[in-house]
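Below is one structure; the comments refer to it alone.
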Amino acid sequence: MKKIIGLLFMVVLFAMVAAGCSKEPMPQDRLEAYIKLWNEQKFDKMYDYLSEGTKEVISKEDFTSRYQKIYDDLQITDLKLVFDKPGEDEELEKDQDTVTYDFSASMDSIAGEIKFTHKAKMKKEERDKKNNWYVDWNTTYIFPQLKDGDKLGISNTTPKRGQIFDRAGNGLAVNGQVYEVGVIPGKLEGQKEPVIQQLSSLLKMTPEQINKALNASWVKPDLFVPLKKVSMGDTERIAQLVALEPVQTKKVEARIYPYNEAAAHLIGYVGSITAEELEKLKDKGYTSADLIGKRGLEEVFDEQLKGKSGVKITIKKPDGATEVLAEKPVEDGKDLSLTIDIDLQASLYSELVGEAGAGAAIDPVTGETLALVSSPSFDPNQATLGFSSDEWTQLQENPQKPMTTRFNKSYAPGSVFKPLTASIGLKNNTITPEQTMDIKGLKWQKGASWGNYFVTRVHEANPVNLEKAMVFSDNIYFAQTALGIGKDPFIAGLKEFGFEEESDYPFPLEKSTIGKLDNEIALADSGYGQGQIQMSIVHLLQTYTPFVNGGNMIKPNLLLDVEKTEKPVVSPEIATTVSSLLRKVVGDSDGTAHSAEIADYPLSGKTGTAEIKQKQGEKGTENGWFIAYNTNSPSVMVAMMVENVLDRGGSQIPVKKVKNVYMKLK
C-alpha cells in the first residue's frame, strides 16, 4: 500500500514540474524586459522584442538608426520609462493573443522636458513552435504624436545679445545694422572680370574668394550672392560699391562698437564660433551658428551677454500641419552696465595715440573704474566683420603690437612704487619723516660684496630725508630703506597692499608679483620698483587709494552698483604723510612732476621710469610712468605708462599727457 501511495506522489510531483516547465511567458514580463532595454537605449536589442508584423514594416537597421538619430538630434538625456507591472496572478482569457498595458516616459531634450503616457500592445506569436509575447510597435512609441509619415523638425530662435553701456548709459557694444554687400550673378554678363577686380579692391577680397562665392551650388542668375559686410559709416566705400550695376546692398543685424579703437581692448568684439571653441562650449548650449565674444568683456561675460536660444521641436504632418512636441522659450542676453566714463576713456586714448602704452583711471574714493585704455589699438567693428588677410598680417607684424592688451599686464613700475616702500618703512618704524640719510654722489653700494653693482640716482642731495627722497625720486634712499625694513617684513608689507594675490576683478588682471628677494641687491632694487617687482596699472591705482582714504585701500570695481570694499593697510597719519609728499612731487619746483602743475587745480602724484635691460651697464629700454589725483577733490585718479621713452623724455612724456587729461576735466 505504501509503495502505491509513493508511486502516486511521484506521478503527481512529475506532473506539477512538467506543468511548471511548460508555463508560457507572461506579457508583462516581456514588456518589462523591453522597457529595461529602452531605458538603457539598447535599441538593437529592443528590436528582437518586436512583433512579426512590425518587422515587416521596419528593418532592424532602420529601427535602431531612427531611435539613435532622434535621440541624438534632440539631445535626449535623463530618459526614464516607467511600467506599472501587473501582478503575476493576473489571468489571461483562454486563447487571448493580445493585451495592452499603460506606460509613461519622461526625458530632457534640447527644447526642455518631454513627458507622455502611452499604451503598449503586446501580441502573442508562435516562433520555433513556442509561444511568446511581442511588442506590436509603431512610430507612436517614440512619441505618441509621431505618426507614420510624420517628420520631426527643430527650429531655433536666436536671442538678442545683451548690450554694454558706460556709467551714463552710452552704448559701448550695441546691436545695430551694417550693409551686406553682394551681387546678382545674372547682371555680371559681359562685365564679370572688371567688376570682380573692382570688388576685390573695394571689399579687400581676392578674386578667387569672390568666384568661389559665385560658383556655389545654390547660386542662380537672379539670386543675391552675399560677399561681405561693410559698416554703415563707411559711406564713401558704399557709394563706390553701389555704383557698380551688379552690386546690391541690404541691411542686416550686426554688433556695433560706437567708440571704435578707444574702447576696443576693454570691450573686445564678437565673431563666429570656431570648431575648437565649440568643442569646449558645446555642453553650455553653444551651437555652430553662434557668435561669441573673442576678446575683452565680450569674451569675459559672453554667457551672460549671449542669452539662451529658443528651441522648438515640432512634428510636421504630410499635409503641412505642425504640432509642437516641446518648446524652450528664447532668453535674451542680459545687458552689462560699467563704471566706465567713456568721455574720460576717449580722452586718455587720444593722449596715447601713436604710443605703445596703457592708461587707467579710477574714483579712488568709491573704487569705480573710470577708464581702461591700451594703445595702439584696432577697429573692433572691422574685427567683427572680418579682417582681410592683409589687414590681419599688418596687425600681427606691427612692432607696437596693437592686438596686445596692456592695461591688464604687469610691468616693472619703477619709481611710482616708492610710496609703497615709504609706507611700509613708516609703518615698521624703519624710517621717520624727519630722519636723514648720509648719501654722497650719484651711485652707492652697500659693500665690496656687491662687486661692480651700484644703485644710481639722478639728483645729488645730502643729507636726504623722506621728503627730499620723494621729491627728487632718490633711488638710493629707497634702496637703503628696503634693506632697513628687511626681506620678510618688506614682503609682508607688500602682501598687505595686494601683491601675490589673485584678483577677482571682472577683467582678468595679471597678478602683481614680488619675485625672488634672494640677496641684498634684489631687495635694494625692489625698494625703488625695479628688481623683479611687477604690477598692473589697475593694481597701481589701487595701492594709491589709501593715500586719499585715511589709510584704507579700496578694491577697484568695473560693474555698476557693486558694493564698495575696503581694508586698512596703513594708519591715517602715514596716509597723510605720504599724500603730502605726493603733492610736493608736483607742487615743488624741484619735483620730478612739477611740469604737471595746474593753477587752481592742485595735483598730487609720482613719476617713474622703469629700466628694461638684462644687466647693469648695458643700454636697454625704459617705460615712463605717472600717476596723479586732484589733491582737494580726489574723485579721479589717473595712471599712465608709456613704453620706450629712453632718450626722448622719460617719465615727462606721460606727465604731459596726464596733465592734458586733467586740463580737460578742470
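FYI, nothing fancy with the C-alpha cells labels: chains A, B, ... in order, residues from 1 per chain, ligands from 1 as they appear.
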Checklist entry - Got a sec to tell me which of segment 24-242 of chain A DSSP assigns to strand (DSSP E or B), as a ChimeraX atom specification? => result /A:50,77-83,98-109,112-127,130-135,151-157,164-165,171-183,225-230
Checklist entry - So which residues touch Ala358 of chain A within 8 Å, counting only C-alpha atoms, skipping near sequence neighbours fewer than 4 positions away, as a ChimeraX atom specification? => result /A:352,372-375,406-407,537,640-642
Item to check | Contact residues around segment 499-516 of chain A with only C-alpha atoms at 10 Å, ignoring same-chain residues under 6 positions, as an MDAnalysis selection string | outcome: chainID A and resid 266:267 296:297 299:301 406:412 490:493 522:523 526 529:540 543 555:559
N, CA and C atoms of the current selection, written as a compact mmCIF listing (two decimals), in the first residue's frame:
# COMPACT_ATOMS: atom_id res chain seq x y z
N LEU A 266 39.15 97.00 -24.12
CA LEU A 266 38.26 96.81 -22.98
C LEU A 266 37.03 96.01 -23.37
N ILE A 267 36.37 96.39 -24.44
CA ILE A 267 35.10 95.78 -24.82
C ILE A 267 35.29 94.51 -25.63
N GLY A 296 38.20 90.86 -24.66
CA GLY A 296 37.64 91.84 -23.75
C GLY A 296 36.42 91.36 -23.00
N LEU A 297 35.57 92.31 -22.62
CA LEU A 297 34.38 91.98 -21.85
C LEU A 297 33.38 91.18 -22.66
N GLU A 299 34.13 88.67 -24.33
CA GLU A 299 34.53 87.29 -24.05
C GLU A 299 34.32 86.94 -22.58
N VAL A 300 34.72 87.83 -21.68
CA VAL A 300 34.62 87.55 -20.24
C VAL A 300 33.18 87.29 -19.82
N PHE A 301 32.25 88.08 -20.36
CA PHE A 301 30.84 87.97 -19.97
C PHE A 301 29.99 87.36 -21.08
N ARG A 406 47.31 95.96 -22.83
CA ARG A 406 48.38 96.31 -21.89
C ARG A 406 47.89 96.67 -20.50
N PHE A 407 46.64 97.13 -20.36
CA PHE A 407 46.22 97.59 -19.04
C PHE A 407 46.01 96.45 -18.05
N ASN A 408 45.99 95.20 -18.51
CA ASN A 408 45.86 94.10 -17.56
C ASN A 408 47.16 93.33 -17.38
N LYS A 409 48.23 93.78 -18.05
CA LYS A 409 49.53 93.12 -17.92
C LYS A 409 50.31 93.73 -16.76
N SER A 410 51.26 92.98 -16.23
CA SER A 410 52.10 93.50 -15.15
C SER A 410 53.45 93.93 -15.72
N TYR A 411 53.97 95.03 -15.20
CA TYR A 411 55.23 95.62 -15.65
C TYR A 411 56.05 96.05 -14.43
N ALA A 412 57.34 96.27 -14.65
CA ALA A 412 58.16 96.88 -13.60
C ALA A 412 57.67 98.32 -13.42
N PHE A 490 59.36 93.32 4.50
CA PHE A 490 59.08 94.00 3.23
C PHE A 490 58.06 93.20 2.43
N ILE A 491 58.26 91.88 2.35
CA ILE A 491 57.31 91.02 1.63
C ILE A 491 55.94 91.08 2.30
N ALA A 492 55.92 91.00 3.63
CA ALA A 492 54.64 91.04 4.36
C ALA A 492 53.92 92.35 4.10
N GLY A 493 54.67 93.46 4.07
CA GLY A 493 54.06 94.76 3.81
C GLY A 493 53.46 94.84 2.42
N ALA A 522 68.80 92.35 -4.76
CA ALA A 522 67.42 92.20 -5.20
C ALA A 522 66.47 92.97 -4.29
N LEU A 523 66.72 92.91 -2.98
CA LEU A 523 65.88 93.64 -2.03
C LEU A 523 66.03 95.14 -2.22
N SER A 526 64.32 96.33 -5.35
CA SER A 526 62.87 96.28 -5.21
C SER A 526 62.34 97.51 -4.47
N GLY A 529 61.21 99.95 -6.97
CA GLY A 529 60.33 99.48 -8.05
C GLY A 529 61.01 98.79 -9.19
N GLN A 530 62.25 98.35 -8.97
CA GLN A 530 62.96 97.59 -10.01
C GLN A 530 63.10 96.14 -9.50
N GLY A 531 64.23 95.53 -9.68
CA GLY A 531 64.35 94.12 -9.30
C GLY A 531 63.38 93.28 -10.10
N GLN A 532 62.61 92.47 -9.39
CA GLN A 532 61.61 91.64 -10.06
C GLN A 532 60.18 92.07 -9.74
N ILE A 533 60.03 93.26 -9.18
CA ILE A 533 58.70 93.79 -8.88
C ILE A 533 57.91 93.98 -10.17
N GLN A 534 56.69 93.46 -10.20
CA GLN A 534 55.81 93.61 -11.36
C GLN A 534 54.41 93.94 -10.86
N MET A 535 53.76 94.90 -11.52
CA MET A 535 52.38 95.21 -11.14
C MET A 535 51.63 95.78 -12.34
N SER A 536 50.31 95.56 -12.32
CA SER A 536 49.46 96.10 -13.38
C SER A 536 49.10 97.54 -13.05
N ILE A 537 48.68 98.27 -14.06
CA ILE A 537 48.33 99.68 -13.85
C ILE A 537 47.07 99.81 -12.99
N VAL A 538 46.18 98.81 -13.06
CA VAL A 538 44.97 98.84 -12.22
C VAL A 538 45.36 98.64 -10.75
N HIS A 539 46.28 97.71 -10.51
CA HIS A 539 46.72 97.48 -9.13
C HIS A 539 47.51 98.67 -8.60
N LEU A 540 48.27 99.31 -9.47
CA LEU A 540 48.98 100.52 -9.05
C LEU A 540 47.99 101.55 -8.52
N THR A 543 46.75 100.60 -5.09
CA THR A 543 47.69 100.79 -3.98
C THR A 543 47.83 102.25 -3.56
N LYS A 555 39.04 98.48 -3.01
CA LYS A 555 39.09 97.47 -4.07
C LYS A 555 38.45 98.05 -5.33
N PRO A 556 39.16 98.03 -6.47
CA PRO A 556 38.57 98.58 -7.70
C PRO A 556 37.47 97.68 -8.24
N ASN A 557 36.46 98.29 -8.84
CA ASN A 557 35.40 97.51 -9.47
C ASN A 557 35.11 98.09 -10.84
N LEU A 558 34.43 97.32 -11.66
CA LEU A 558 34.18 97.70 -13.04
C LEU A 558 32.70 97.68 -13.39
N LEU A 559 31.90 97.06 -12.54
CA LEU A 559 30.46 96.94 -12.80
C LEU A 559 29.69 97.89 -11.89
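Across A:Ser423, A:Thr287, A:Asn156, A:Thr456, the tightest approach to Ala575 of chain A is made by A:Ser423 when counting only C-alpha atoms.
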Next on the checklist: Show me, as a list in words, the residues that have an atom within 10 Å of segment 140-142 of chain A when counting only C-alpha atoms, minus same-chain residues fewer than 6 positions from it.
Outcome noted: Arg66, Tyr67, Ile70, Tyr71, Ala105, Thr117, His118, Lys119, Ala120 and Asp148 of chain A
Next on the checklist: Using only C-alpha atoms, which protein or nucleic acid residues come within 9 Å of Thr432 of chain A? Drop anything in the same chain fewer than 5 positions from it, and give the result as a list of chain:residue names.
Outcome noted: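 So the residues in contact are A:Gly425, A:Leu426, A:Asn465, A:Leu466.
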Item to check | Residue nearest Thr64 of chain A - candidates A:Val324, A:Val455, A:Ile76, A:Trp38, atoms counted: only C-alpha atoms | outcome: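 Closest to Thr64 of chain A, using only C-alpha atoms: A:Trp38.
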Item to check | Shell around Lys308 of chain A at 7 Å using only C-alpha atoms, local window under 4 positions removed, as a list of chain:residue names | outcome: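 After dropping sequence-adjacent residues, the list is A:Pro159, A:Val330, A:Glu331, A:Asp332.
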